[in-house]
>>> print(open('input.cif').read())   # mmCIF, C-alpha atoms
data_protein
loop_
_atom_site.label_atom_id
_atom_site.label_comp_id
_atom_site.auth_asym_id
_atom_site.auth_seq_id
_atom_site.Cartn_x
_atom_site.Cartn_y
_atom_site.Cartn_z
CA MET A 1 14.90 -14.42 -15.35
CA LYS A 2 13.38 -16.46 -12.53
CA HIS A 3 10.07 -15.17 -11.26
CA ILE A 4 10.75 -12.72 -8.44
CA ALA A 5 8.06 -12.45 -5.76
CA ASP A 6 6.49 -9.10 -4.97
CA SER A 7 7.71 -9.39 -1.39
CA THR A 8 11.31 -9.69 -2.66
CA VAL A 9 10.92 -6.56 -4.78
CA ARG A 10 9.55 -4.69 -1.77
CA ARG A 11 12.56 -5.73 0.28
CA LEU A 12 14.93 -4.57 -2.48
CA SER A 13 13.21 -1.17 -2.37
CA ALA A 14 13.65 -1.11 1.38
CA TYR A 15 17.35 -2.10 1.18
CA LEU A 16 17.93 0.69 -1.32
CA ARG A 17 16.47 3.19 1.14
CA PHE A 18 18.81 2.04 3.91
CA LEU A 19 21.80 2.12 1.56
CA GLU A 20 20.97 5.67 0.49
CA ASP A 21 20.72 6.65 4.12
CA PHE A 22 24.16 5.09 4.64
CA GLU A 23 25.58 6.92 1.59
CA HIS A 24 24.18 10.11 2.98
CA ARG A 25 26.05 9.50 6.22
CA GLY A 26 29.28 8.83 4.31
CA LEU A 27 29.50 5.11 5.09
CA THR A 28 31.04 2.94 2.37
CA THR A 29 30.44 -0.67 3.41
CA ILE A 30 27.53 -2.51 4.98
CA SER A 31 27.15 -6.11 6.14
CA SER A 32 24.16 -8.29 5.29
CA ASP A 33 23.56 -8.41 9.07
CA GLU A 34 23.23 -4.64 9.19
CA LEU A 35 20.92 -4.55 6.15
CA ALA A 36 18.84 -7.33 7.69
CA LYS A 37 18.58 -5.52 11.02
CA GLN A 38 17.40 -2.34 9.32
CA GLY A 39 14.89 -4.21 7.20
CA GLY A 40 13.54 -6.38 10.03
CA THR A 41 14.63 -9.58 8.29
CA THR A 42 17.50 -12.12 8.48
CA SER A 43 20.93 -11.88 6.84
CA ALA A 44 20.20 -15.18 5.06
CA GLN A 45 17.13 -13.51 3.52
CA VAL A 46 19.18 -10.49 2.42
CA ARG A 47 21.78 -12.74 0.75
CA LYS A 48 19.06 -14.80 -0.92
CA ASP A 49 17.22 -11.69 -2.18
CA LEU A 50 20.41 -10.29 -3.70
CA SER A 51 21.56 -13.64 -5.11
CA PHE A 52 18.75 -13.53 -7.68
CA PHE A 53 20.65 -10.75 -9.39
CA GLY A 54 24.20 -12.05 -9.40
CA SER A 55 26.98 -11.90 -6.87
CA PHE A 56 27.51 -8.95 -4.59
CA GLY A 57 29.85 -8.24 -1.73
CA LYS A 58 32.90 -10.06 -0.44
CA ARG A 59 32.72 -12.61 2.33
CA GLY A 60 33.75 -10.94 5.56
CA LEU A 61 33.93 -7.50 3.98
CA GLY A 62 30.27 -6.84 3.38
CA TYR A 63 28.80 -4.89 0.51
CA SER A 64 30.14 -1.70 -1.02
CA VAL A 65 27.40 0.84 -0.33
CA PRO A 66 27.69 2.86 -3.59
CA GLU A 67 28.07 -0.30 -5.71
CA LEU A 68 25.11 -2.11 -4.18
CA SER A 69 22.85 0.94 -4.22
CA GLY A 70 23.76 1.54 -7.87
CA ARG A 71 22.95 -2.06 -8.73
CA LEU A 72 19.66 -1.94 -6.81
CA ARG A 73 18.64 1.23 -8.67
CA GLU A 74 19.37 -0.58 -11.95
CA ILE A 75 17.51 -3.73 -10.89
CA LEU A 76 14.50 -1.69 -9.79
CA GLY A 77 14.54 0.24 -13.07
CA LEU A 78 15.30 3.53 -11.32
CA SER A 79 18.27 4.55 -13.46
CA GLN A 80 15.59 5.37 -15.98
CA HIS A 81 13.02 8.13 -16.08
CA TRP A 82 9.32 7.08 -16.00
CA ARG A 83 6.34 9.07 -17.13
CA VAL A 84 3.23 8.66 -15.01
CA ILE A 85 -0.36 9.71 -15.69
CA ILE A 86 -3.09 9.94 -13.05
CA ILE A 87 -6.60 8.89 -14.00
CA GLY A 88 -9.10 10.71 -11.79
CA ALA A 89 -8.36 14.22 -10.57
CA GLY A 90 -9.87 13.81 -7.10
CA LYS A 91 -8.43 13.82 -3.59
CA ILE A 92 -6.16 10.81 -4.05
CA GLY A 93 -4.95 12.22 -7.36
CA ALA A 94 -4.13 15.51 -5.62
CA ALA A 95 -2.32 13.74 -2.78
CA LEU A 96 -0.22 11.83 -5.32
CA ALA A 97 0.43 14.86 -7.53
CA GLN A 98 2.07 16.70 -4.65
CA TYR A 99 3.95 13.67 -3.31
CA ARG A 100 7.63 14.66 -3.39
CA GLY A 101 8.86 11.08 -3.18
CA PHE A 102 7.95 10.39 -6.81
CA ARG A 103 10.13 12.97 -8.51
CA GLN A 104 13.07 12.04 -6.27
CA ARG A 105 12.78 8.50 -7.64
CA GLY A 106 12.61 9.49 -11.32
CA PHE A 107 8.83 9.25 -11.64
CA SER A 108 7.36 12.35 -13.20
CA ILE A 109 3.65 12.93 -13.38
CA VAL A 110 2.89 14.38 -16.79
CA ALA A 111 -0.88 14.83 -16.55
CA ALA A 112 -4.06 13.96 -14.74
CA TYR A 113 -7.29 13.01 -16.54
CA ASP A 114 -10.90 13.44 -15.55
CA ASN A 115 -14.33 13.50 -17.17
CA ASN A 116 -15.62 16.36 -15.02
CA PRO A 117 -15.83 19.54 -17.14
CA GLU A 118 -15.25 21.62 -13.99
CA LYS A 119 -11.87 19.98 -13.47
CA ILE A 120 -10.69 19.75 -17.08
CA GLY A 121 -8.33 22.59 -18.00
CA ARG A 122 -7.42 23.32 -14.40
CA THR A 123 -4.32 22.10 -12.61
CA LEU A 124 -3.93 19.65 -9.76
CA GLU A 125 -0.91 20.66 -7.67
CA GLY A 126 0.70 22.02 -10.81
CA ILE A 127 -0.22 19.03 -13.00
CA PRO A 128 -2.57 19.78 -15.94
CA VAL A 129 -5.99 18.12 -15.75
CA ARG A 130 -7.02 16.95 -19.21
CA ASP A 131 -10.17 15.54 -20.72
CA ILE A 132 -10.27 11.75 -20.42
CA ALA A 133 -11.62 11.72 -24.00
CA GLN A 134 -8.16 12.60 -25.32
CA ILE A 135 -6.25 9.94 -23.40
CA GLU A 136 -5.66 7.52 -26.29
CA HIS A 137 -4.30 10.37 -28.37
CA ASP A 138 -2.03 11.57 -25.55
CA ILE A 139 -0.71 8.09 -24.77
CA GLN A 140 0.28 7.66 -28.39
CA ARG A 141 1.99 11.04 -28.45
CA GLU A 142 3.65 11.11 -25.02
CA ALA A 143 4.11 7.39 -24.32
CA PRO A 144 3.66 7.43 -20.53
CA GLU A 145 4.63 4.06 -19.06
CA ILE A 146 2.64 4.02 -15.84
CA ALA A 147 -0.98 4.93 -15.08
CA VAL A 148 -2.31 5.51 -11.58
CA LEU A 149 -5.98 4.68 -11.34
CA THR A 150 -7.97 6.71 -8.78
CA VAL A 151 -11.45 6.35 -10.30
CA PRO A 152 -14.49 4.91 -8.46
CA ALA A 153 -14.55 1.09 -8.10
CA GLU A 154 -17.24 0.55 -10.73
CA ALA A 155 -15.29 2.57 -13.32
CA ALA A 156 -11.95 0.89 -12.68
CA GLN A 157 -12.14 -2.25 -14.85
CA PRO A 158 -13.43 -0.51 -18.00
CA MET A 159 -10.79 2.19 -17.52
CA LEU A 160 -8.04 -0.40 -17.08
CA ASP A 161 -9.17 -2.15 -20.28
CA ARG A 162 -9.09 1.17 -22.09
CA LEU A 163 -5.60 2.01 -20.84
CA VAL A 164 -4.30 -1.44 -21.77
CA ARG A 165 -5.73 -1.12 -25.28
CA ALA A 166 -4.00 2.25 -25.55
CA GLY A 167 -0.67 0.63 -24.70
CA ILE A 168 -0.17 1.02 -20.92
CA HIS A 169 1.59 -1.96 -19.27
CA ALA A 170 1.87 -0.87 -15.65
CA ILE A 171 -1.00 0.27 -13.46
CA LEU A 172 -1.15 1.35 -9.85
CA ASN A 173 -4.76 0.92 -8.76
CA PHE A 174 -6.32 2.79 -5.84
CA ALA A 175 -9.89 1.72 -6.60
CA PRO A 176 -11.06 -0.73 -3.91
CA THR A 177 -11.64 -3.58 -6.35
CA GLN A 178 -9.74 -6.52 -7.82
CA LEU A 179 -8.90 -5.93 -11.48
CA GLN A 180 -8.24 -8.36 -14.33
CA ALA A 181 -5.46 -7.64 -16.81
CA PRO A 182 -3.62 -9.59 -19.50
CA PRO A 183 -0.38 -11.31 -18.35
CA GLU A 184 1.89 -8.72 -19.97
CA VAL A 185 0.34 -5.98 -17.83
CA THR A 186 1.38 -5.46 -14.21
CA VAL A 187 -1.30 -4.18 -11.85
CA LYS A 188 -0.61 -3.28 -8.23
CA THR A 189 -3.59 -2.49 -6.06
CA VAL A 190 -3.24 -0.25 -3.02
CA ASN A 191 -6.27 -0.99 -0.89
CA MET A 192 -6.48 1.35 2.08
CA ALA A 193 -9.12 -0.73 3.85
CA MET A 194 -6.93 -3.83 3.48
CA GLU A 195 -4.06 -1.98 5.15
CA LEU A 196 -6.33 -1.15 8.07
CA GLU A 197 -7.49 -4.78 8.17
CA GLY A 198 -3.86 -5.79 8.68
CA LEU A 199 -3.91 -3.58 11.77
CA SER A 200 -7.26 -4.82 13.07
CA PHE A 201 -5.93 -8.37 12.62
CA ALA A 202 -2.86 -7.48 14.69
CA LEU A 203 -4.96 -5.80 17.40
CA THR A 204 -7.32 -8.78 17.55
CA ASN A 205 -4.76 -11.57 17.49
CA ARG A 206 -2.15 -10.07 19.73
CA GLU A 207 -0.93 -12.26 22.60
CA MET T 1 -1.04 -18.34 18.13
CA LYS T 2 1.62 -19.07 15.54
CA HIS T 3 3.09 -15.99 13.90
CA ILE T 4 1.06 -15.22 10.80
CA ALA T 5 2.91 -13.50 7.95
CA ASP T 6 1.65 -10.19 6.60
CA SER T 7 1.23 -11.76 3.17
CA THR T 8 -1.14 -14.36 4.68
CA VAL T 9 -3.23 -11.65 6.31
CA ARG T 10 -3.44 -9.80 2.98
CA ARG T 11 -4.66 -12.95 1.27
CA LEU T 12 -7.29 -13.45 3.98
CA SER T 13 -8.52 -9.90 3.29
CA ALA T 14 -8.65 -10.71 -0.41
CA TYR T 15 -10.53 -14.00 0.16
CA LEU T 16 -13.08 -12.14 2.26
CA ARG T 17 -13.68 -9.73 -0.62
CA PHE T 18 -14.35 -12.56 -3.06
CA LEU T 19 -16.63 -14.31 -0.57
CA GLU T 20 -18.64 -11.14 -0.07
CA ASP T 21 -18.95 -10.79 -3.81
CA PHE T 22 -20.21 -14.38 -3.91
CA GLU T 23 -22.67 -13.72 -1.07
CA HIS T 24 -23.92 -10.71 -2.97
CA ARG T 25 -24.60 -12.92 -5.96
CA GLY T 26 -26.49 -15.42 -3.80
CA LEU T 27 -23.93 -18.25 -4.04
CA THR T 28 -23.64 -20.46 -0.96
CA THR T 29 -20.56 -22.64 -1.50
CA ILE T 30 -17.13 -22.04 -2.96
CA SER T 31 -14.22 -24.43 -3.59
CA SER T 32 -10.63 -23.69 -2.64
CA ASP T 33 -9.91 -23.85 -6.39
CA GLU T 34 -12.34 -21.05 -7.07
CA LEU T 35 -10.98 -18.92 -4.20
CA ALA T 36 -7.45 -19.56 -5.45
CA LYS T 37 -8.33 -18.59 -9.01
CA GLN T 38 -9.89 -15.33 -7.86
CA GLY T 39 -6.93 -14.55 -5.63
CA GLY T 40 -4.27 -15.45 -8.18
CA THR T 41 -2.87 -18.19 -5.94
CA THR T 42 -3.05 -22.00 -5.60
CA SER T 43 -5.72 -24.05 -3.85
CA ALA T 44 -2.97 -25.55 -1.65
CA GLN T 45 -2.09 -22.01 -0.54
CA VAL T 46 -5.75 -21.25 0.22
CA ARG T 47 -6.08 -24.39 2.35
CA LYS T 48 -2.80 -23.63 4.12
CA ASP T 49 -3.82 -20.01 4.83
CA LEU T 50 -7.14 -21.12 6.31
CA SER T 51 -5.65 -24.04 8.24
CA PHE T 52 -3.91 -21.60 10.60
CA PHE T 53 -7.33 -20.80 12.01
CA GLY T 54 -8.88 -24.24 12.40
CA SER T 55 -10.76 -26.47 10.06
CA PHE T 56 -13.10 -25.13 7.41
CA GLY T 57 -15.05 -26.71 4.60
CA LYS T 58 -15.84 -30.32 3.76
CA ARG T 59 -13.71 -32.33 1.36
CA GLY T 60 -15.42 -32.34 -2.02
CA LEU T 61 -18.12 -29.90 -0.91
CA GLY T 62 -16.07 -26.75 -0.64
CA TYR T 63 -16.60 -23.97 1.87
CA SER T 64 -19.90 -22.53 3.00
CA VAL T 65 -19.75 -18.91 1.79
CA PRO T 66 -21.58 -17.28 4.75
CA GLU T 67 -19.74 -19.43 7.30
CA LEU T 68 -16.29 -18.79 5.89
CA SER T 69 -16.87 -15.07 5.36
CA GLY T 70 -18.17 -14.79 8.93
CA ARG T 71 -15.09 -16.58 10.25
CA LEU T 72 -12.76 -14.40 8.17
CA ARG T 73 -14.42 -11.25 9.49
CA GLU T 74 -13.84 -12.56 13.01
CA ILE T 75 -10.24 -13.53 12.30
CA LEU T 76 -9.52 -10.14 10.78
CA GLY T 77 -11.12 -8.38 13.73
CA LEU T 78 -13.89 -6.91 11.61
CA SER T 79 -16.82 -8.03 13.74
CA GLN T 80 -15.68 -5.21 15.98
CA HIS T 81 -15.85 -1.46 15.53
CA TRP T 82 -12.52 0.42 15.36
CA ARG T 83 -11.91 4.10 16.04
CA VAL T 84 -9.31 5.73 13.83
CA ILE T 85 -7.59 9.10 14.13
CA ILE T 86 -5.70 10.83 11.33
CA ILE T 87 -2.54 12.74 12.21
CA GLY T 88 -1.95 15.47 9.61
CA ALA T 89 -4.91 17.19 7.97
CA GLY T 90 -3.35 17.50 4.52
CA LYS T 91 -4.16 16.00 1.11
CA ILE T 92 -3.63 12.38 2.12
CA GLY T 93 -5.67 12.94 5.27
CA ALA T 94 -8.48 14.39 3.14
CA ALA T 95 -8.33 11.49 0.69
CA LEU T 96 -8.60 9.02 3.57
CA ALA T 97 -11.33 10.94 5.38
CA GLN T 98 -13.61 10.66 2.36
CA TYR T 99 -12.69 7.03 1.59
CA ARG T 100 -15.97 5.12 1.76
CA GLY T 101 -14.28 1.74 2.11
CA PHE T 102 -13.37 2.43 5.74
CA ARG T 103 -16.82 2.88 7.19
CA GLN T 104 -18.09 -0.16 5.29
CA ARG T 105 -15.46 -2.20 7.13
CA GLY T 106 -16.26 -0.87 10.59
CA PHE T 107 -13.45 1.68 10.74
CA SER T 108 -14.72 5.07 11.75
CA ILE T 109 -12.55 8.14 11.64
CA VAL T 110 -13.24 10.15 14.76
CA ALA T 111 -10.92 13.11 14.25
CA ALA T 112 -7.96 14.54 12.39
CA TYR T 113 -5.14 16.42 14.08
CA ASP T 114 -2.86 19.16 12.85
CA ASN T 115 -0.58 21.86 14.24
CA ASN T 116 -1.59 24.45 11.65
CA PRO T 117 -3.86 27.09 13.29
CA GLU T 118 -5.55 27.67 9.91
CA LYS T 119 -6.71 24.06 9.84
CA ILE T 120 -7.59 23.55 13.50
CA GLY T 121 -11.31 23.98 14.16
CA ARG T 122 -12.26 23.32 10.56
CA THR T 123 -13.45 20.03 9.13
CA LEU T 124 -11.82 17.67 6.67
CA GLU T 125 -14.53 15.92 4.64
CA GLY T 126 -16.81 16.16 7.66
CA ILE T 127 -14.16 15.06 10.19
CA PRO T 128 -13.23 17.64 12.84
CA VAL T 129 -9.64 18.92 12.69
CA ARG T 130 -8.30 19.32 16.20
CA ASP T 131 -5.17 20.79 17.71
CA ILE T 132 -2.39 18.21 17.94
CA ALA T 133 -1.63 19.65 21.40
CA GLN T 134 -4.76 17.99 22.79
CA ILE T 135 -4.10 14.53 21.37
CA GLU T 136 -2.95 12.85 24.61
CA HIS T 137 -6.05 14.14 26.35
CA ASP T 138 -8.33 12.96 23.52
CA ILE T 139 -6.74 9.51 23.31
CA GLN T 140 -7.33 9.02 27.02
CA ARG T 141 -10.94 10.13 26.70
CA GLU T 142 -11.95 8.51 23.40
CA ALA T 143 -9.60 5.52 23.26
CA PRO T 144 -9.07 5.35 19.48
CA GLU T 145 -7.28 2.12 18.55
CA ILE T 146 -5.65 3.07 15.26
CA ALA T 147 -3.72 6.16 14.16
CA VAL T 148 -3.00 7.03 10.52
CA LEU T 149 0.18 9.04 10.21
CA THR T 150 0.28 11.49 7.28
CA VAL T 151 2.88 13.92 8.63
CA PRO T 152 6.15 14.85 6.84
CA ALA T 153 8.92 12.21 7.01
CA GLU T 154 11.04 14.11 9.52
CA ALA T 155 8.08 14.49 11.92
CA ALA T 156 6.97 10.85 11.70
CA GLN T 157 9.20 9.12 14.28
CA PRO T 158 8.69 11.68 17.08
CA MET T 159 4.94 11.60 16.38
CA LEU T 160 4.89 7.81 16.47
CA ASP T 161 6.73 7.85 19.81
CA ARG T 162 4.22 10.34 21.14
CA LEU T 163 1.24 8.24 19.98
CA VAL T 164 2.74 5.08 21.47
CA ARG T 165 3.30 6.81 24.81
CA ALA T 166 -0.33 7.95 24.68
CA GLY T 167 -1.46 4.32 24.29
CA ILE T 168 -1.85 3.70 20.53
CA HIS T 169 -0.86 0.18 19.43
CA ALA T 170 -1.62 0.23 15.70
CA ILE T 171 -0.30 2.76 13.21
CA LEU T 172 -0.75 3.09 9.48
CA ASN T 173 2.15 5.23 8.26
CA PHE T 174 2.08 7.22 5.01
CA ALA T 175 5.31 9.12 5.71
CA PRO T 176 8.03 7.90 3.33
CA THR T 177 10.30 6.68 6.10
CA GLN T 178 10.97 3.51 8.08
CA LEU T 179 9.76 3.82 11.66
CA GLN T 180 10.85 2.08 14.85
CA ALA T 181 8.26 0.95 17.37
CA PRO T 182 8.21 -1.33 20.42
CA PRO T 183 7.23 -4.96 19.70
CA GLU T 184 3.70 -4.60 21.08
CA VAL T 185 2.95 -1.89 18.49
CA THR T 186 2.08 -2.79 14.89
CA VAL T 187 3.18 -0.32 12.23
CA LYS T 188 2.26 -0.70 8.57
CA THR T 189 3.92 1.67 6.12
CA VAL T 190 2.26 2.54 2.83
CA ASN T 191 5.02 3.92 0.65
CA MET T 192 3.68 5.26 -2.63
CA ALA T 193 7.12 5.48 -4.24
CA MET T 194 7.76 1.84 -3.32
CA GLU T 195 4.55 0.82 -5.06
CA LEU T 196 5.71 2.60 -8.20
CA GLU T 197 9.11 0.92 -7.85
CA GLY T 198 7.34 -2.44 -8.01
CA LEU T 199 5.97 -1.32 -11.38
CA SER T 200 9.27 0.02 -12.69
CA PHE T 201 10.83 -3.30 -11.66
CA ALA T 202 8.17 -5.16 -13.65
CA LEU T 203 8.60 -2.90 -16.68
CA THR T 204 12.38 -3.27 -16.55
CA ASN T 205 12.57 -7.02 -15.96
CA ARG T 206 9.80 -8.16 -18.22
CA GLU T 207 10.68 -10.94 -20.65
#
>>> encode(input="input.cif", output="structure tokens")
Amino acid sequence: MKHIADSTVRRLSAYLRFLEDFEHRGLTTISSDELAKQGGTTSAQVRKDLSFFGSFGKRGLGYSVPELSGRLREILGLSQHWRVIIIGAGKIGAALAQYRGFRQRGFSIVAAYDNNPEKIGRTLEGIPVRDIAQIEHDIQREAPEIAVLTVPAEAAQPMLDRLVRAGIHAILNFAPTQLQAPPEVTVKTVNMAMELEGLSFALTNRE
Amino acid sequence: MKHIADSTVRRLSAYLRFLEDFEHRGLTTISSDELAKQGGTTSAQVRKDLSFFGSFGKRGLGYSVPELSGRLREILGLSQHWRVIIIGAGKIGAALAQYRGFRQRGFSIVAAYDNNPEKIGRTLEGIPVRDIAQIEHDIQREAPEIAVLTVPAEAAQPMLDRLVRAGIHAILNFAPTQLQAPPEVTVKTVNMAMELEGLSFALTNRE
């Protein structure tokens, strides 16, 4: 498949949310104009985003809401169940462990890991906190697909390397640092300060 | 000024991080090639991103590290101090309140707000938790520029409207919902499930 930009994938996620909202309200068709309006983009962009994945909708009739949402779930890999582990049982780990949005989307958090003996053996919002020393063993046994990294910045790269060696191919990184990974591994970094910088840019450069 | 895409602003933030790392290591010049390599982009993209903001660097000599990082801080509005309030003193609020990256960047969290009497009057990682009822009064008095929204999805839009009426123009939203705001208000939504969807997409569509 052609390389699909991150920004396209984000828009697909957003379209899916609008479609589900539509389904919820009992609506059965939606135009690319409507999808574009909801997503703050253009109908040409919507058609282009969807065209990567084959042909959808009928000219003049719009898209079938259940059909398109089903296809988007498939494209995004959401018709499947994903096992997620959290590395670092701190505040961010706790916030994620209780986040209802994950389970709704088929992501289930199987365990959190820490090296702090006071945390190991406890639970984090109902998720068991295990000793980081056993992670290779657990990955082999339970085959989680996604790891969420919430360790301090200086620990992030060695931990990523360790996870990759153990077989993890998808990492969501909350440590405020840029990480290197082999090409077959996907790393997404959520940098809170960068998000705020987007706002300070907007406040500073506003007309 | 020309409209600058969000993705450009994110790259500027990333460039600044690499430049600061370079400064830290005592290096004084950097080529667009080097910046591109670090940022996982092309040198043409780096030059284009920077060209929005005037002319930088000398052909064949690269960019002066302190000059370019200084300019990027200005462009991103980081030579200024920003006051941030957190709406919702829950787990995400706590994770943000203790996030060291904010203060380093000139963002200081002045208060958190909640409607839960058990939380009001306490502190969240050293930040006072105040009654949401007093927020209009506080905004008028303290003039915070940025609000971080960590309330439940169904409470997010009414709270955004309330903050906008009270004079807030920049909102970082953690509620898993799309929000509407007037054009003069910038809203950035951090959707954790969407980040994971980017990973499930990559796992599903990998060659």
>>> resolve_selection(input="input.cif", expression="the PyMOL selection byres ((chain A) within 8 of (chain T))", output="PDB file with C-alpha atoms, keeping the file's coordinate frame")
ATOM      1  CA  MET A   1      14.900 -14.420 -15.350  1.00  0.00           C
ATOM      2  CA  ASP A   6       6.490  -9.100  -4.970  1.00  0.00           C
ATOM      3  CA  VAL A   9      10.920  -6.560  -4.780  1.00  0.00           C
ATOM      4  CA  ARG A  10       9.550  -4.690  -1.770  1.00  0.00           C
ATOM      5  CA  SER A  13      13.210  -1.170  -2.370  1.00  0.00           C
ATOM      6  CA  ILE A  75      17.510  -3.730 -10.890  1.00  0.00           C
ATOM      7  CA  LEU A  76      14.500  -1.690  -9.790  1.00  0.00           C
ATOM      8  CA  GLY A  77      14.540   0.240 -13.070  1.00  0.00           C
ATOM      9  CA  LEU A  78      15.300   3.530 -11.320  1.00  0.00           C
ATOM     10  CA  TRP A  82       9.320   7.080 -16.000  1.00  0.00           C
ATOM     11  CA  LYS A  91      -8.430  13.820  -3.590  1.00  0.00           C
ATOM     12  CA  ILE A  92      -6.160  10.810  -4.050  1.00  0.00           C
ATOM     13  CA  ALA A  94      -4.130  15.510  -5.620  1.00  0.00           C
ATOM     14  CA  ALA A  95      -2.320  13.740  -2.780  1.00  0.00           C
ATOM     15  CA  GLY A 101       8.860  11.080  -3.180  1.00  0.00           C
ATOM     16  CA  PHE A 102       7.950  10.390  -6.810  1.00  0.00           C
ATOM     17  CA  ARG A 105      12.780   8.500  -7.640  1.00  0.00           C
ATOM     18  CA  ILE A 146       2.640   4.020 -15.840  1.00  0.00           C
ATOM     19  CA  HIS A 169       1.590  -1.960 -19.270  1.00  0.00           C
ATOM     20  CA  ALA A 170       1.870  -0.870 -15.650  1.00  0.00           C
ATOM     21  CA  ILE A 171      -1.000   0.270 -13.460  1.00  0.00           C
ATOM     22  CA  LEU A 172      -1.150   1.350  -9.850  1.00  0.00           C
ATOM     23  CA  PRO A 176     -11.060  -0.730  -3.910  1.00  0.00           C
ATOM     24  CA  THR A 186       1.380  -5.460 -14.210  1.00  0.00           C
ATOM     25  CA  VAL A 187      -1.300  -4.180 -11.850  1.00  0.00           C
ATOM     26  CA  LYS A 188      -0.610  -3.280  -8.230  1.00  0.00           C
ATOM     27  CA  MET A 192      -6.480   1.350   2.080  1.00  0.00           C
ATOM     28  CA  ALA A 193      -9.120  -0.730   3.850  1.00  0.00           C
ATOM     29  CA  MET A 194      -6.930  -3.830   3.480  1.00  0.00           C
ATOM     30  CA  GLU A 195      -4.060  -1.980   5.150  1.00  0.00           C
ATOM     31  CA  LEU A 196      -6.330  -1.150   8.070  1.00  0.00           C
ATOM     32  CA  GLU A 197      -7.490  -4.780   8.170  1.00  0.00           C
ATOM     33  CA  GLY A 198      -3.860  -5.790   8.680  1.00  0.00           C
ATOM     34  CA  LEU A 199      -3.910  -3.580  11.770  1.00  0.00           C
ATOM     35  CA  SER A 200      -7.260  -4.820  13.070  1.00  0.00           C
ATOM     36  CA  PHE A 201      -5.930  -8.370  12.620  1.00  0.00           C
ATOM     37  CA  ALA A 202      -2.860  -7.480  14.690  1.00  0.00           C
ATOM     38  CA  LEU A 203      -4.960  -5.800  17.400  1.00  0.00           C
ATOM     39  CA  THR A 204      -7.320  -8.780  17.550  1.00  0.00           C
ATOM     40  CA  ASN A 205      -4.760 -11.570  17.490  1.00  0.00           C
ATOM     41  CA  GLU A 207      -0.930 -12.260  22.600  1.00  0.00           C
TER      42      GLU A 207
END
>>> closest_residue(input="input.cif", among="A:Arg83, A:Arg162, A:His24, A:Lys119", to="Pro144 in chain A", atoms="all atoms listed in the file")
A:Arg83
>>> atom_distance(input="input.cif", atom1="CA of Gly88 in chain T", atom2="CA of Phe174 in chain A")
20.5 Å
>>> resolve_selection(input="input.cif", expression="the PyMOL selection byres ((chain A and resi 138) around 12)", output="PyMOL selection string")
chain A and resi 85+110-113+130-137+139-145+163+166-168
>>> resolve_selection(input="input.cif", expression="the PyMOL selection byres ((chain T and resi 69) around 9)", output="number ranges by chain")
T: 15-17, 19-20, 23, 64-68, 70-74
>>> axis_aligned_box(input="input.cif", around="range 142-149 of chain A", padding_each_side="5 Å", output="lines of an AutoDock Vina configuration file")
center_x = -0.7
center_y = 7.6
center_z = -18.2
size_x = 20.6
size_y = 17.1
size_z = 23.7
>>> closest_residue(input="input.cif", among="T:Leu61, T:Ile87, T:Ala5, T:Leu50", to="Thr28 in chain T", atoms="all atoms listed in the file")
T:Leu61
>>> atom_distance(input="input.cif", atom1="CA of Ala36 in chain T", atom2="CA of Ala181 in chain A")
16.6 Å
>>> atom_distance(input="input.cif", atom1="CA of Gly62 in chain A", atom2="CA of Gly40 in chain A")
18.0 Å
